[in-house]
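**Q** Please find query_35.txt (compact mmCIF, C-alpha atoms) on the next line:
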# COMPACT_ATOMS: atom_id res chain seq x y z
CA MET A 26 24.48 -36.32 -56.73
CA LYS A 27 27.93 -36.97 -55.39
CA ALA A 28 28.71 -40.40 -53.99
CA GLU A 29 28.34 -39.75 -50.25
CA ILE A 30 26.08 -37.68 -48.03
CA THR A 31 27.96 -36.08 -45.17
CA PRO A 32 26.64 -36.61 -41.64
CA GLN A 33 25.94 -32.87 -41.37
CA GLU A 34 23.94 -32.86 -44.62
CA TYR A 35 21.95 -35.88 -43.52
CA GLU A 36 21.12 -34.40 -40.11
CA ALA A 37 20.08 -31.12 -41.76
CA PHE A 38 17.89 -33.01 -44.23
CA LYS A 39 16.30 -35.08 -41.46
CA SER A 40 15.42 -31.85 -39.61
CA PHE A 41 14.07 -30.24 -42.78
CA LEU A 42 11.88 -33.24 -43.58
CA GLN A 43 10.52 -33.50 -40.04
CA ASP A 44 9.76 -29.76 -39.90
CA ALA A 45 8.27 -29.67 -43.39
CA CYS A 46 5.97 -32.68 -43.21
CA GLY A 47 6.51 -34.72 -40.05
CA ILE A 48 8.44 -37.59 -41.65
CA LEU A 49 11.03 -38.99 -39.25
CA LEU A 50 14.00 -40.60 -40.98
CA GLY A 51 16.11 -43.14 -39.15
CA ASP A 52 19.83 -42.78 -38.66
CA ASN A 53 20.76 -45.12 -41.51
CA LYS A 54 18.49 -44.08 -44.38
CA GLN A 55 21.08 -42.23 -46.47
CA TYR A 56 20.63 -44.80 -49.26
CA LEU A 57 16.90 -44.02 -49.36
CA VAL A 58 17.51 -40.27 -49.55
CA LYS A 59 20.04 -40.71 -52.36
CA SER A 60 17.85 -43.00 -54.42
CA ARG A 61 14.71 -40.89 -54.06
CA LEU A 62 16.35 -37.50 -54.65
CA ARG A 63 18.85 -38.43 -57.40
CA ARG A 64 16.57 -37.44 -60.30
CA ILE A 65 15.51 -34.16 -58.67
CA MET A 66 19.11 -33.19 -58.03
CA GLU A 67 20.13 -34.04 -61.59
CA GLU A 68 17.24 -32.01 -63.02
CA ASN A 69 18.23 -29.03 -60.86
CA LYS A 70 21.98 -29.49 -61.52
CA LEU A 71 22.78 -29.91 -57.82
CA SER A 72 25.66 -32.09 -56.68
CA THR A 73 25.11 -32.35 -52.92
CA LEU A 74 22.22 -32.73 -50.53
CA GLY A 75 23.38 -29.50 -48.89
CA ASP A 76 23.02 -27.70 -52.24
CA LEU A 77 19.44 -28.97 -52.52
CA LEU A 78 18.56 -27.79 -49.01
CA ASP A 79 20.15 -24.39 -49.68
CA ARG A 80 18.12 -24.04 -52.91
CA VAL A 81 14.86 -24.94 -51.18
CA LYS A 82 15.53 -22.54 -48.28
CA ARG A 83 17.09 -19.71 -50.27
CA THR A 84 14.58 -19.46 -53.07
CA GLY A 85 11.56 -20.40 -51.04
CA ARG A 86 10.42 -22.34 -54.10
CA SER A 87 7.46 -24.16 -52.69
CA SER A 88 7.24 -26.27 -55.85
CA LEU A 89 10.76 -27.68 -55.28
CA LYS A 90 9.96 -28.25 -51.62
CA GLU A 91 6.79 -30.13 -52.59
CA VAL A 92 8.70 -32.26 -55.11
CA VAL A 93 11.30 -33.18 -52.48
CA ILE A 94 8.63 -34.07 -49.91
CA ASP A 95 6.68 -36.10 -52.47
CA ALA A 96 9.85 -38.00 -53.43
CA MET A 97 10.48 -38.90 -49.79
CA THR A 98 6.91 -40.10 -49.20
CA THR A 99 6.02 -43.73 -49.86
CA ASN A 100 3.00 -43.33 -52.10
CA GLU A 101 2.09 -46.94 -52.54
CA THR A 102 -0.23 -49.33 -50.85
CA LEU A 103 -0.24 -52.99 -51.76
CA TRP A 104 -1.31 -56.31 -50.36
CA PHE A 105 1.64 -57.71 -48.42
CA ARG A 106 3.92 -54.85 -49.49
CA ASP A 107 7.47 -55.80 -48.47
CA ASN A 108 6.65 -59.44 -47.71
CA TYR A 109 9.42 -59.85 -45.11
CA PRO A 110 7.62 -58.05 -42.23
CA PHE A 111 4.54 -60.25 -42.67
CA GLU A 112 6.62 -63.42 -42.68
CA LEU A 113 8.45 -62.18 -39.57
CA LEU A 114 5.11 -61.47 -37.92
CA LYS A 115 3.93 -65.05 -38.53
CA SER A 116 7.20 -66.85 -37.87
CA GLU A 117 8.54 -64.98 -34.82
CA LEU A 118 6.59 -62.06 -33.43
CA LEU A 119 3.14 -63.53 -32.87
CA SER A 120 4.51 -66.47 -30.87
CA LYS A 121 5.97 -63.96 -28.37
CA PHE A 122 2.43 -62.81 -27.52
CA ARG A 123 0.79 -66.22 -27.54
CA GLY A 124 -1.57 -66.76 -24.58
CA LYS A 125 -2.07 -63.03 -24.01
CA THR A 126 -5.35 -62.62 -22.12
CA SER A 127 -5.78 -58.96 -22.96
CA PRO A 128 -6.24 -57.99 -26.61
CA LEU A 129 -3.12 -57.97 -28.78
CA ARG A 130 -3.18 -54.49 -30.28
CA ILE A 131 -1.44 -53.74 -33.59
CA TRP A 132 -1.25 -50.31 -35.20
CA SER A 133 -0.69 -49.98 -38.94
CA ALA A 134 0.28 -46.36 -39.44
CA ALA A 135 0.11 -44.35 -42.68
CA CYS A 136 -1.96 -46.79 -44.71
CA SER A 137 -3.91 -45.05 -47.42
CA SER A 138 -6.53 -47.53 -48.54
CA GLY A 139 -6.27 -50.33 -46.00
CA GLN A 140 -4.33 -53.12 -47.68
CA GLU A 141 -1.68 -53.11 -44.94
CA PRO A 142 -3.99 -53.73 -41.95
CA TYR A 143 -5.93 -56.31 -43.96
CA SER A 144 -2.61 -58.01 -44.81
CA ILE A 145 -1.80 -58.06 -41.08
CA ALA A 146 -5.22 -59.56 -40.37
CA MET A 147 -4.70 -62.27 -43.01
CA SER A 148 -1.28 -63.07 -41.56
CA ILE A 149 -2.78 -63.39 -38.08
CA GLN A 150 -5.58 -65.58 -39.43
CA GLU A 151 -2.99 -67.91 -41.02
CA TYR A 152 -1.15 -68.04 -37.69
CA LEU A 153 -4.38 -68.81 -35.81
CA GLN A 154 -5.24 -71.63 -38.21
CA ARG A 155 -1.96 -73.30 -37.21
CA ASN A 156 -2.25 -72.22 -33.54
CA PRO A 157 -5.93 -72.23 -32.50
CA GLY A 158 -6.66 -70.30 -29.32
CA ALA A 159 -3.28 -68.54 -29.36
CA PHE A 160 -4.84 -65.19 -28.42
CA PRO A 161 -7.66 -65.70 -25.92
CA GLY A 162 -7.91 -61.95 -25.44
CA GLY A 163 -8.41 -61.41 -29.17
CA VAL A 164 -6.55 -59.22 -31.63
CA GLN A 165 -7.28 -55.59 -32.46
CA ILE A 166 -5.80 -53.92 -35.54
CA LEU A 167 -5.94 -50.17 -36.03
CA GLY A 168 -5.16 -48.71 -39.44
CA THR A 169 -4.60 -44.97 -39.81
What would you get if you wrote out this structure as structure tokens?
**A**
Amino acid sequence: MKAEITPQEYEAFKSFLQDACGILLGDNKQYLVKSRLRRIMEENKLSTLGDLLDRVKRTGRSSLKEVVIDAMTTNETLWFRDNYPFELLKSELLSKFRGKTSPLRIWSAACSSGQEPYSIAMSIQEYLQRNPGAFPGGVQILGT
């Protein structure tokens, strides 16, 4: 893969990925695309993201399309995966909702076996041990 992804290639790839499987990429995820697709592009002797999109669209090779989608999907579930968000939750975010009389509702999207919402629950429990009664309305966590 060449060094840079052009803005046009990135926008086209974002549209492809959203249409193909519903994944919405942010505006600054070029590094993620490059790192996850590098091997596929090398194996297929493609030098640009545009070349990869053309190959997927031109040949209609569903197997290549599936490989690209699989590469862009985070297929891992771990306890406290990416520790930073959980530390941020405990150190900054929860205090912003302290005293809330209605339930604090948290949604953990795209969790396959449940470690993420349980990690959120453990983080909240740690916060509540240091701040008893912080959420009189309770806390609700939804994992999907």
**Q** What's the separation between CA of Ile145 (chain A) and CA of Tyr109 (chain A), in Å to one decimal place?
**A**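 Between CA of Ile145 (chain A) and CA of Tyr109 (chain A) the gap is 12.1 Å.
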**Q** Taking only C-alpha atoms into account, which of A:Lys82, A:Arg155, A:Lys39, A:Lys70 comes nearest Leu119 (chain A)?
**A**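 Of all the options, A:Arg155 lies closest to Leu119 (chain A).
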**Q** Of the candidates A:Tyr143, A:Tyr56, A:Phe122, A:Tyr152, which one gets nearest to Met97 (chain A) if we count only C-alpha atoms?
**A**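 Checking each candidate against Met97 (chain A), we get A:Tyr56 as the closest.
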**Q** Could you please determine the separation between CA of Trp104 (chain A) and CA of Ser120 (chain A) in Å, to one decimal place?
**A**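 Atom-to-atom, CA of Trp104 (chain A) and CA of Ser120 (chain A) are spaced 22.7 Å apart.
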**Q** Between CA of Ala134 (chain A) and CA of Leu74 (chain A), what distance in Å does the model show, to one decimal?
**A**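 Between these atoms lies a distance of 28.1 Å.
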**Q** Counting only C-alpha atoms, which of A:Ser72, A:Thr84, A:Thr126, A:Gln140 gets nearest to Phe160 (chain A)?
**A**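 Closest residue, counting only C-alpha atoms: A:Thr126.
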**Q** Taking 3 positions as the minimum chain separation for residues in the same chain, which residues sit within 9 Å of region 40-48 of chain A when counting all atoms listed in the file? Answer as a PDB file with C-alpha atoms, in the coordinates of the input.
**A**
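Heads up, here's the output in around02.pdb:
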ATOM      1  CA  TYR A  35      21.950 -35.880 -43.520  1.00  0.00           C
ATOM      2  CA  GLU A  36      21.120 -34.400 -40.110  1.00  0.00           C
ATOM      3  CA  ALA A  37      20.080 -31.120 -41.760  1.00  0.00           C
ATOM      4  CA  LEU A  78      18.560 -27.790 -49.010  1.00  0.00           C
ATOM      5  CA  LYS A  90       9.960 -28.250 -51.620  1.00  0.00           C
ATOM      6  CA  VAL A  93      11.300 -33.180 -52.480  1.00  0.00           C
ATOM      7  CA  ILE A  94       8.630 -34.070 -49.910  1.00  0.00           C
ATOM      8  CA  MET A  97      10.480 -38.900 -49.790  1.00  0.00           C
ATOM      9  CA  THR A  98       6.910 -40.100 -49.200  1.00  0.00           C
TER      10      THR A  98
END
**Q** Ranking A:Leu129, A:Ser144, A:Asn53, A:Asp95 by minimum distance to Gln165 (chain A) and counting only C-alpha atoms, which one comes first?
**A**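 The answer is A:Leu129, which sits nearest to Gln165 (chain A).
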**Q** Pick out the closest residue to Phe111 (chain A) from this set: A:Ala159, A:Leu50, A:Met147, A:Ala135. Count all atoms listed in the file.
**A** A:Met147
